[in-house]
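Take a look at the structure set out below.
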Amino acid sequence: MSEPSKRLDPAVLDRLEGLSLVARTVVEGLMAGHHRSPFRGSSSEFAQHREYVLGDELRHIDWRIFARNDRLVIKEFHEETTVGCHLLVDASESMAFSSTGWTKLDYARWCAAALAYLVIGQRDTAGLVVFDERERVKVQPGNGEIQLQGILEALDGVEPSGPTSVGKVLQWLAERLSRRGIVAIFSDFFDEPEDVVAGVRQLVQRGHEPIMFQVIDPLELDFSIDRLVRLEGLEGTGVHKVDPKAIRAAYVEEVQAHNRLLAKHARSHSIDFVQLNTAHSVEAVLTTYLAHRTARARGGAR
Amino acid sequence: MFDGFVNPGLVAGAALCVVPLLIHLLNRQRHKPMAWAAMRFVLAAYRKTRRRARLENLLLLLLRMAAVALLAFCVARPFTGPRSPLAGLTENRRDVVLVLDGSASTGYRREVRTVFEDVVDRARELLLELRADRGDRVRLILAGSYPRLLSWRTPDEALSLLGTLVEPTDESLDLAAAFGEVARLAEEDAGDAGRTSLEIRLLCDLQRRSFEPPLTAGARADSAPLFVEQLERLSALGAKVLVEDLGPGEVTPPNLSVDRVSTDAPYLGVGLPVEFEVRVQNWGPNLQGGVRVTLEVDGERRPSRLVDVPARGFADATFPVVFQGGGPHVLTAGIDADRLAVDDHRTAVVEVPPPAGVLLVDGQPQFEIDRDEVGYLAAVLEPPAGDDVPGGPESGAPFRVRVVERHELDEDFDLTPYDVIVLANVGTLAQPLVERLEQRVAAGASLVITVGDQVVPEAYNQRLFAADGSGLLPAELGPRVAVRDRRAGYFRIAEFATEHPAFRFFRDERWRPLLTEVPIYEFLSARLLEADDAPAPADATATDRPGPARAGVAHVLARLDDEASSPLLIERSYDRGKVFLWLTTIDPDWTRLPESPRTLVPLVHEWLRYAATPEELPRNLAVGDPFAAVVSSFPRSLTVVRPDGARRPLEGEPEPLGPGSWRLPAFEDTDRVGTYAIEVEGRPSIPFAVAIDPREGDLDRLNAVEVEALHPALAMVGAGADADADRSEEAPQRGEIWRALALACLLALIAESLWAAWIGHRRRLP
């Protein structure tokens, strides 16, 4: 990205238009979209045959098969429904960290805005929740240009503050998200892995499909600081003088262990865990991820 | 742990070891503040690595501090003794000072070898014990009348220099000077530590006179030797002098020496028989009978004499000598060679003056000798030829006399050949003559002025006297004083300078009345030129006339018995010459002295011999004394011939002393006994003799107890004994450990570098 901006770069949006966000689980939809619903209804795409049972609609009986076999079977058809997408953005103080010129929160809002644009552009619904240790801003799921604008404005006005409590917030939100759908969580997940996993598990149990987008600064990953520093913890975690070179190896080991644990739990629940390095362009990472996800969904459908 | 430091002031540098600590602490203040989100991971990593990081940093800091402290201690050069726990790290380097007795007495030959050869061999043994690879150092001092520091670095250098020492000096041993040099070296070595680790050895023959106080006039018998002060300096530094006796076995070895060659004759003259005494000294404990004594005069040997010399006594052998010509003559006396050969011969240079040129200026010439102003005087100075006088004309009269009248002293008359110019009752003196007289006297001649009726005091005062002493006269002439009646009374000489050479004859009480009872009827009074009248040297140059470099004050040599004790004979020096003022006549006009031959002859002869004798140039020197000759013409091409025949140019510029007089550059290299000569182009060579101190032949020795009783810093050790044993008992023990500290510092720096590199490598992310 050439310059930090709270608004999404239109060029990026152009690239994302060609992709679709495919939900791998069946969700209820209020509006017909081009996502297939697991529920068989009167749509044009044949799904399968089954034996006629009393009460089935006679118009679905496949008369050709009866003529051939004297068997009464009906046709079942796929029904496309709208997919709900919940964008959860962590706006705690830890998301204010930056070594690249833009904060993690900036990066998260860009990604969230991009997804919102994409989802709504596919006539799916999207909602937004901005949280720190509790919900701060909420935009109910909806679709249409007005919905998109509302989401973008909400993202625009967010400032990082407050402590992190991702896990508890996810658990709280899991009970309150009105419609099953994709839950894209943008956070650094600097919380107890167990709490995070518990929150994500709650979402799964509620029928949602969480996607964990870990937004992390490259300096937080490699701790490549070459001088003595007095680290002033965001979110009131204290002040500590350290020699980065002395603890770098151990730090990196801790970060990697934390992320591995999160990834491991995510995999065990078939959840995507995507690490977003703020040094990389939003377009690149989302494009890569969505392409991978689309390919996976098509291959699974066959 | 350390007994001390060679440079204790530098120990303070060890405090710099806190610099790394300060840098470490200051660096902790320079942490850059930084907001951080992932603090949980930082804290987890910090907890995991805290102890190890602390240990790593602490070790690094300690290594840096240790390196600085070790470097500071290394530069301060700590030392320790054998009982220290660090004794094993000491260098045990040896710093040795060897003082070799190079005095003439060490030329004493026992059987085949001389004491000096034994001294050199012993020094060689000691040097061979040293090791250059261990850093041993040696200072080699050859001691004589002054110490010569021959070598001050490695044992090998000292050994090579030792090979050049084949014979001792001809000097006496000055222990004060030698120990003074040793004390200086010890003080340099001690530095600020206040203690020295030098091993000091004196290899000598224990000659008693070297260790005793000098026999100077006024020295008390119980006065301490001069070297005690130097030994006190050494004691203050904790040093001892180990003395090794390499002398002859006897306490008083036998030795004969030629003590002196001299004559009692008051005057030497051509053709004048003189007796020379050669004194032979016996320093041994036994009578030496039948000692053959020889004398060579200008290379011509005279018949020898045999003398018996008592134990610790002397005997004189007398040789009659008649010099056939004037000038310097070389006399060499000798005895048969004994174990110490250097004192078996002695050379002396004797200056035989040619007949003195005496110019008598007759102020009142008369035909009759008894009426002529200088008649009696001339008769006394140069007896007429053909007279029956002992010796006759061939006897070599001491004077060459010429009588002239005043008018003959024109500007063409050369005064140079005359050593004495007598103005006898000369009436007037022209100014040019006065100036020429002044020049001649300033060049070294003597002027004798006798008065009489022709002398006008005012005119003399005007021409010859100056209140500032720049004139010739030593006194201002006053009016004539005369007895009222010659038949009723007369003046006598009341007192005279009995020690003055002019009155040598009259010192004897028997002959004194010949001088003091002679009637004097008239004289001129005079006011002396006093010391207060003499100006400061600067004023003397303010006049137009070339004045003397220094105006001498007048000395009254004889006074009359009048009420005023008037002076009769006054002397003053005038530059290099002398002026005598005789305030009565030299003829019988005012005194009967000329009519008394037994008075006149000895008086005039002694007086004018004295007046004609130039400033004595010392021709017989001690070893080391400089010699500077005076010549009457500008010297060119100066060469010195040493006793061994070696010739070398005499460097330097001659110094003009006055008209016709130059002092040659001083020759100072008189380190060997014998006859030297200075050759000057166009004139005869100028010989001079250098002789050994006659007491150097006294080989009486101290024993060990006497040596150690002189001062606690002196310790006798056996020659040839184990040097290490001697050293362990007497020599200060101080081993330096700076090398070990330097190595430790280096190791600390290497360890610090390696440890820092290892930490950096380990903390680097792959």
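Chain labels A, B, ... are given in the sequence in which chains occur in the structure tokens; within each chain residues are numbered consecutively from 1, and ligands are likewise numbered from 1 in the order shown.
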
Using only C-alpha atoms, tabulate the residues of chain A lying at most 9 Å from any atom of chain B, each with its closest atom pair and that distance in Å to one decimal, by chain and increasing residue number, as JSON lines.
```
{"residue": "A:Glu93", "atom": "CA", "partner": "B:Ala37", "partner_atom": "CA", "distance": 7.8}
{"residue": "A:Ser94", "atom": "CA", "partner": "B:Ala37", "partner_atom": "CA", "distance": 4.7}
{"residue": "A:Met95", "atom": "CA", "partner": "B:Ala37", "partner_atom": "CA", "distance": 7.5}
{"residue": "A:Ala96", "atom": "CA", "partner": "B:Ala37", "partner_atom": "CA", "distance": 7.9}
{"residue": "A:Phe97", "atom": "CA", "partner": "B:Ala37", "partner_atom": "CA", "distance": 6.0}
{"residue": "A:Ser98", "atom": "CA", "partner": "B:Trp36", "partner_atom": "CA", "distance": 8.9}
{"residue": "A:Phe190", "atom": "CA", "partner": "B:Ala38", "partner_atom": "CA", "distance": 6.8}
{"residue": "A:Asp191", "atom": "CA", "partner": "B:Arg40", "partner_atom": "CA", "distance": 8.7}
{"residue": "A:Glu220", "atom": "CA", "partner": "B:Ala38", "partner_atom": "CA", "distance": 6.5}
{"residue": "A:Asp222", "atom": "CA", "partner": "B:Leu765", "partner_atom": "CA", "distance": 8.5}
{"residue": "A:Ser224", "atom": "CA", "partner": "B:Leu765", "partner_atom": "CA", "distance": 8.7}
{"residue": "A:Arg227", "atom": "CA", "partner": "B:His31", "partner_atom": "CA", "distance": 7.5}
{"residue": "A:Leu228", "atom": "CA", "partner": "B:His31", "partner_atom": "CA", "distance": 4.8}
{"residue": "A:Val229", "atom": "CA", "partner": "B:His31", "partner_atom": "CA", "distance": 4.3}
{"residue": "A:Arg230", "atom": "CA", "partner": "B:Pro33", "partner_atom": "CA", "distance": 4.5}
{"residue": "A:Leu231", "atom": "CA", "partner": "B:Met34", "partner_atom": "CA", "distance": 4.9}
{"residue": "A:Glu232", "atom": "CA", "partner": "B:Ala35", "partner_atom": "CA", "distance": 4.7}
{"residue": "A:Gly233", "atom": "CA", "partner": "B:Trp36", "partner_atom": "CA", "distance": 4.8}
{"residue": "A:Leu234", "atom": "CA", "partner": "B:Ala37", "partner_atom": "CA", "distance": 5.1}
{"residue": "A:Glu235", "atom": "CA", "partner": "B:Ala37", "partner_atom": "CA", "distance": 7.5}
{"residue": "A:Thr237", "atom": "CA", "partner": "B:Met39", "partner_atom": "CA", "distance": 6.6}
{"residue": "A:Gly238", "atom": "CA", "partner": "B:Met39", "partner_atom": "CA", "distance": 8.3}
{"residue": "A:His240", "atom": "CA", "partner": "B:Leu43", "partner_atom": "CA", "distance": 8.5}
{"residue": "A:Lys241", "atom": "CA", "partner": "B:His31", "partner_atom": "CA", "distance": 6.9}
{"residue": "A:Val242", "atom": "CA", "partner": "B:Tyr46", "partner_atom": "CA", "distance": 8.0}
{"residue": "A:Asp243", "atom": "CA", "partner": "B:His31", "partner_atom": "CA", "distance": 8.7}
{"residue": "A:Pro244", "atom": "CA", "partner": "B:Val42", "partner_atom": "CA", "distance": 9.0}
{"residue": "A:Lys245", "atom": "CA", "partner": "B:Arg763", "partner_atom": "CA", "distance": 5.7}
{"residue": "A:Ala246", "atom": "CA", "partner": "B:Arg763", "partner_atom": "CA", "distance": 6.0}
{"residue": "A:Ile247", "atom": "CA", "partner": "B:Ala45", "partner_atom": "CA", "distance": 5.8}
{"residue": "A:Arg248", "atom": "CA", "partner": "B:Arg763", "partner_atom": "CA", "distance": 6.8}
{"residue": "A:Ala249", "atom": "CA", "partner": "B:Leu765", "partner_atom": "CA", "distance": 6.4}
{"residue": "A:Ala250", "atom": "CA", "partner": "B:Ala45", "partner_atom": "CA", "distance": 4.8}
{"residue": "A:Tyr251", "atom": "CA", "partner": "B:Ala45", "partner_atom": "CA", "distance": 4.8}
{"residue": "A:Val252", "atom": "CA", "partner": "B:Phe41", "partner_atom": "CA", "distance": 8.2}
{"residue": "A:Glu253", "atom": "CA", "partner": "B:Ala45", "partner_atom": "CA", "distance": 8.2}
{"residue": "A:Glu254", "atom": "CA", "partner": "B:Phe41", "partner_atom": "CA", "distance": 5.8}
{"residue": "A:Val255", "atom": "CA", "partner": "B:Phe41", "partner_atom": "CA", "distance": 6.3}
{"residue": "A:His258", "atom": "CA", "partner": "B:Phe41", "partner_atom": "CA", "distance": 8.9}
```

Output for the residues just chosen: C-alpha atoms as a short mmCIF file (atom, residue, chain, number, x, y, z; two decimals), in the first residue's frame:
```
data_model
loop_
_atom_site.label_atom_id
_atom_site.label_comp_id
_atom_site.auth_asym_id
_atom_site.auth_seq_id
_atom_site.Cartn_x
_atom_site.Cartn_y
_atom_site.Cartn_z
CA GLU A 93 -4.99 -0.67 22.68
CA SER A 94 -2.63 -3.40 21.59
CA MET A 95 -3.88 -2.89 18.05
CA ALA A 96 -2.32 0.59 18.14
CA PHE A 97 1.17 -0.80 17.77
CA SER A 98 3.00 0.09 14.59
CA PHE A 190 -2.66 -11.34 22.36
CA ASP A 191 -4.71 -13.14 24.91
CA GLU A 220 6.24 -8.19 17.07
CA ASP A 222 10.91 -11.09 15.07
CA SER A 224 14.55 -7.26 15.69
CA ARG A 227 19.40 -1.20 20.95
CA LEU A 228 18.46 -1.12 24.55
CA VAL A 229 14.83 -0.17 24.94
CA ARG A 230 12.45 0.72 27.66
CA LEU A 231 9.25 -1.01 26.56
CA GLU A 232 6.13 0.78 27.68
CA GLY A 233 3.37 -1.74 27.53
CA LEU A 234 0.18 -0.79 25.81
CA GLU A 235 -2.96 -1.75 27.73
CA THR A 237 1.18 -3.98 30.98
CA GLY A 238 3.98 -2.08 32.64
CA HIS A 240 10.37 -2.88 31.25
CA LYS A 241 13.97 -2.21 30.26
CA VAL A 242 15.29 -4.94 28.12
CA ASP A 243 18.21 -5.81 26.00
CA PRO A 244 16.36 -7.15 22.96
CA LYS A 245 19.36 -9.08 21.77
CA ALA A 246 19.53 -10.92 25.01
CA ILE A 247 15.95 -12.15 24.89
CA ARG A 248 15.23 -12.19 21.19
CA ALA A 249 15.52 -15.90 20.70
CA ALA A 250 13.32 -16.63 23.67
CA TYR A 251 10.79 -14.01 22.59
CA VAL A 252 10.49 -15.39 19.12
CA GLU A 253 10.07 -18.82 20.58
CA GLU A 254 7.22 -17.57 22.75
CA VAL A 255 5.46 -15.82 19.90
CA HIS A 258 1.54 -18.94 20.97
#
```

Query - Non-local contacts of Ile216 of chain A (8 Å; only C-alpha atoms; under 4 positions in same chain excluded) as a PyMOL selection string - result: chain A and resi 104+188+220-221+275-278

Query raised in the report: Mind pulling up the distance from atom CA of Trp582 of chain B to atom CA of Ala497 of chain B?
Result: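 Going from atom CA of Ala497 of chain B over to atom CA of Trp582 of chain B covers 14.4 Å.
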
Report summary line: atom CA of Gly697 of chain B sits from atom CA of Gln288 of chain B at a separation of 15.0 Å

If you run DSSP on this backbone, which residues of segment 137-300 of chain B come out as alpha helix (DSSP H), and could you give them as a short mmCIF file (atom, residue, chain, number, x, y, z; two decimals) with C-alpha atoms, in the first residue's frame?
```cif
data_model
loop_
_atom_site.label_atom_id
_atom_site.label_comp_id
_atom_site.auth_asym_id
_atom_site.auth_seq_id
_atom_site.Cartn_x
_atom_site.Cartn_y
_atom_site.Cartn_z
CA PRO B 155 75.43 -9.30 30.24
CA ASP B 156 76.73 -10.01 26.76
CA GLU B 157 77.59 -6.40 26.19
CA ALA B 158 79.37 -6.27 29.53
CA LEU B 159 81.30 -9.42 28.73
CA SER B 160 82.53 -8.02 25.46
CA LEU B 161 83.62 -4.80 27.18
CA LEU B 162 85.34 -6.82 29.85
CA LEU B 175 85.46 5.02 46.62
CA ALA B 176 83.26 8.01 47.39
CA ALA B 177 82.87 8.75 43.69
CA ALA B 178 82.32 5.06 42.89
CA PHE B 179 79.70 4.59 45.57
CA GLY B 180 78.12 7.86 44.57
CA GLU B 181 77.59 6.51 41.07
CA VAL B 182 76.23 3.26 42.49
CA ALA B 183 73.87 5.19 44.74
CA ARG B 184 72.62 7.13 41.75
CA LEU B 185 71.90 3.91 39.89
CA ALA B 186 70.19 2.46 42.94
CA GLU B 187 67.98 5.53 43.32
CA GLU B 188 67.02 5.30 39.66
CA ASP B 189 66.15 1.65 40.10
CA ALA B 190 64.18 2.22 43.28
CA ARG B 208 93.58 0.45 53.25
CA ARG B 209 94.10 3.97 51.98
CA SER B 210 91.14 3.58 49.62
CA PHE B 211 88.84 3.01 52.57
CA VAL B 228 80.07 6.90 54.14
CA GLU B 229 77.57 9.43 52.91
CA GLN B 230 77.08 7.45 49.71
CA LEU B 231 76.70 4.21 51.67
CA GLU B 232 74.04 5.91 53.73
CA ARG B 233 72.13 6.57 50.52
CA LEU B 234 72.42 2.91 49.63
CA SER B 235 71.34 1.78 53.08
CA ALA B 236 68.28 3.97 52.83
#
```

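The list of residues with at least one atom within 7 Å of Arg312 of chain B, based on only C-alpha atoms and without residues fewer than 2 positions apart in the same chain, reads Asn282, Trp283, Gly284, Pro285 and Pro310 of chain B.
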
Query raised in the report: From the set B:Thr332, B:Gln364, B:Thr516, B:Ser573, which residue has the shortest atom-to-atom contact distance to Ser446 of chain B, counting only C-alpha atoms?
Result: B:Ser573

**Report entry** Contacts of Val89 of chain A within 10 Å, only C-alpha atoms, excl. fewer than 5 positions in-chain, as a VMD selection string
**Finding:** chain A and resid 95 105 108 to 109 111 to 112 128 to 132 135 137 155 158 166 184 to 188 213

Output N, CA, C and O atoms for every residue in that selection, as a compact mmCIF listing (two decimals), in the first residue's frame.
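Resulting contents of again-v3.txt:
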```txt
# COMPACT_ATOMS: atom_id res chain seq x y z
N MET A 95 -3.80 -3.00 19.50
CA MET A 95 -3.88 -2.89 18.05
C MET A 95 -3.33 -1.55 17.57
O MET A 95 -3.27 -1.31 16.37
N LEU A 105 -4.50 -1.81 13.82
CA LEU A 105 -5.92 -1.50 13.69
C LEU A 105 -6.22 -0.98 12.29
O LEU A 105 -7.24 -1.34 11.69
N ALA A 108 -6.32 -3.88 10.14
CA ALA A 108 -7.53 -4.69 10.38
C ALA A 108 -8.77 -4.03 9.76
O ALA A 108 -9.62 -4.70 9.15
N ARG A 109 -8.84 -2.72 9.88
CA ARG A 109 -10.03 -2.08 9.31
C ARG A 109 -10.01 -2.12 7.80
O ARG A 109 -11.04 -2.20 7.15
N CYS A 111 -8.75 -4.55 6.04
CA CYS A 111 -9.16 -5.90 5.66
C CYS A 111 -10.66 -6.08 5.87
O CYS A 111 -11.37 -6.68 5.03
N ALA A 112 -11.14 -5.58 6.99
CA ALA A 112 -12.56 -5.72 7.27
C ALA A 112 -13.39 -4.98 6.23
O ALA A 112 -14.44 -5.46 5.76
N LEU A 128 -20.93 -5.65 11.43
CA LEU A 128 -19.65 -5.28 12.01
C LEU A 128 -19.79 -5.20 13.52
O LEU A 128 -20.77 -4.65 14.04
N VAL A 129 -18.81 -5.69 14.19
CA VAL A 129 -18.70 -5.50 15.63
C VAL A 129 -17.26 -5.08 15.91
O VAL A 129 -16.31 -5.76 15.53
N VAL A 130 -17.15 -3.95 16.55
CA VAL A 130 -15.82 -3.49 17.00
C VAL A 130 -15.78 -3.70 18.50
O VAL A 130 -16.68 -3.29 19.22
N PHE A 131 -14.72 -4.28 18.99
CA PHE A 131 -14.68 -4.63 20.41
C PHE A 131 -13.29 -4.37 20.98
O PHE A 131 -12.28 -4.27 20.25
N ASP A 132 -13.25 -4.25 22.28
CA ASP A 132 -11.98 -4.37 22.99
C ASP A 132 -12.17 -5.45 24.03
O ASP A 132 -12.19 -6.61 23.68
N GLU A 135 -18.06 -5.23 23.58
CA GLU A 135 -18.50 -4.68 22.31
C GLU A 135 -18.53 -3.18 22.40
O GLU A 135 -19.06 -2.61 23.35
N VAL A 137 -18.73 -1.02 19.15
CA VAL A 137 -19.54 -0.53 18.01
C VAL A 137 -20.17 -1.75 17.34
O VAL A 137 -19.50 -2.76 17.17
N LEU A 155 -16.07 1.74 10.84
CA LEU A 155 -14.64 1.40 10.88
C LEU A 155 -13.77 2.65 10.92
O LEU A 155 -12.74 2.70 11.59
N VAL A 158 -13.22 4.37 14.44
CA VAL A 158 -12.71 3.58 15.56
C VAL A 158 -11.28 4.01 15.90
O VAL A 158 -10.45 4.22 15.02
N VAL A 166 -10.02 -10.94 24.02
CA VAL A 166 -10.61 -11.50 22.79
C VAL A 166 -11.49 -12.70 23.09
O VAL A 166 -12.62 -12.83 22.62
N ALA A 184 -15.58 -13.31 10.61
CA ALA A 184 -14.17 -12.95 10.36
C ALA A 184 -13.68 -12.12 11.53
O ALA A 184 -14.18 -11.03 11.78
N ILE A 185 -12.75 -12.68 12.23
CA ILE A 185 -12.24 -12.02 13.45
C ILE A 185 -10.88 -11.41 13.12
O ILE A 185 -9.94 -12.12 12.76
N PHE A 186 -10.80 -10.09 13.24
CA PHE A 186 -9.51 -9.40 13.02
C PHE A 186 -8.96 -8.96 14.38
O PHE A 186 -9.47 -8.05 15.01
N SER A 187 -7.90 -9.61 14.81
CA SER A 187 -7.31 -9.32 16.12
C SER A 187 -5.88 -9.80 16.12
O SER A 187 -5.47 -10.60 15.27
N ASP A 188 -5.12 -9.33 17.09
CA ASP A 188 -3.76 -9.85 17.25
C ASP A 188 -3.75 -11.09 18.14
O ASP A 188 -2.74 -11.78 18.23
N PHE A 213 -8.27 -14.02 11.65
CA PHE A 213 -7.24 -13.23 10.98
C PHE A 213 -6.37 -12.59 12.08
O PHE A 213 -6.81 -11.68 12.78
```

Query raised in the report: Mind checking DSSP for segment 74-242 of chain B and telling me the strand (DSSP E or B) residues as a PyMOL selection string?
Result: chain B and resi 78-80+95-101+109+114+137-143+147-151+199-204+207+241-242

Report as an mmCIF file with C-alpha atoms, in the first residue's frame all protein, DNA and RNA residues lying within 10 Å of Ala263 of chain A, evaluated on only C-alpha atoms, omitting residues in the same chain fewer than 2 positions from it.
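Saved to part37.cif:
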```cif
data_model
loop_
_atom_site.group_PDB
_atom_site.id
_atom_site.type_symbol
_atom_site.label_atom_id
_atom_site.label_comp_id
_atom_site.auth_asym_id
_atom_site.auth_seq_id
_atom_site.Cartn_x
_atom_site.Cartn_y
_atom_site.Cartn_z
ATOM 1 C CA PRO A 193 -4.893 -19.049 23.884
ATOM 2 C CA VAL A 197 -10.014 -21.041 21.600
ATOM 3 C CA MET A 212 -9.225 -16.044 12.548
ATOM 4 C CA ALA A 257 4.558 -21.132 20.335
ATOM 5 C CA HIS A 258 1.538 -18.941 20.973
ATOM 6 C CA ASN A 259 0.678 -18.774 17.297
ATOM 7 C CA ARG A 260 1.259 -22.452 16.791
ATOM 8 C CA LEU A 261 -1.129 -23.203 19.606
ATOM 9 C CA HIS A 265 -6.707 -25.365 17.879
ATOM 10 C CA ALA A 266 -8.043 -23.651 14.800
ATOM 11 C CA ARG A 267 -7.169 -26.646 12.661
ATOM 12 C CA SER A 268 -8.731 -29.008 15.099
ATOM 13 C CA HIS A 269 -12.029 -27.181 14.614
ATOM 14 C CA ILE A 271 -11.090 -23.076 11.316
ATOM 15 C CA ASP A 272 -8.884 -20.986 9.098
ATOM 16 C CA PHE A 273 -6.140 -19.259 10.988
ATOM 17 C CA VAL A 274 -4.601 -16.595 8.765
ATOM 18 C CA GLN A 275 -1.637 -14.532 9.894
#
```

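The two atoms in question, atom CA of Ile570 of chain B and atom CA of Ala379 of chain B, are spaced 23.8 Å apart.
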
Query raised in the report: Pick from B:Leu206, B:Ala611, B:Val307, B:Val553: nearest to Ala356 of chain B, with only C-alpha atoms counted?
Result: B:Ala611

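Distances here use only C-alpha atoms; by that measure, the residue among A:His208, A:Ala91, A:Gly121, A:Gln256 closest to Phe223 of chain A is A:Gln256.
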
Report task. Tell me, as a ChimeraX atom specification, which residues lie within 10 Å of Val309 of chain B, counting only C-alpha atoms; anything in the same chain fewer than 5 positions away does not count. Result -> /B:256,279-284,286-291,314-316
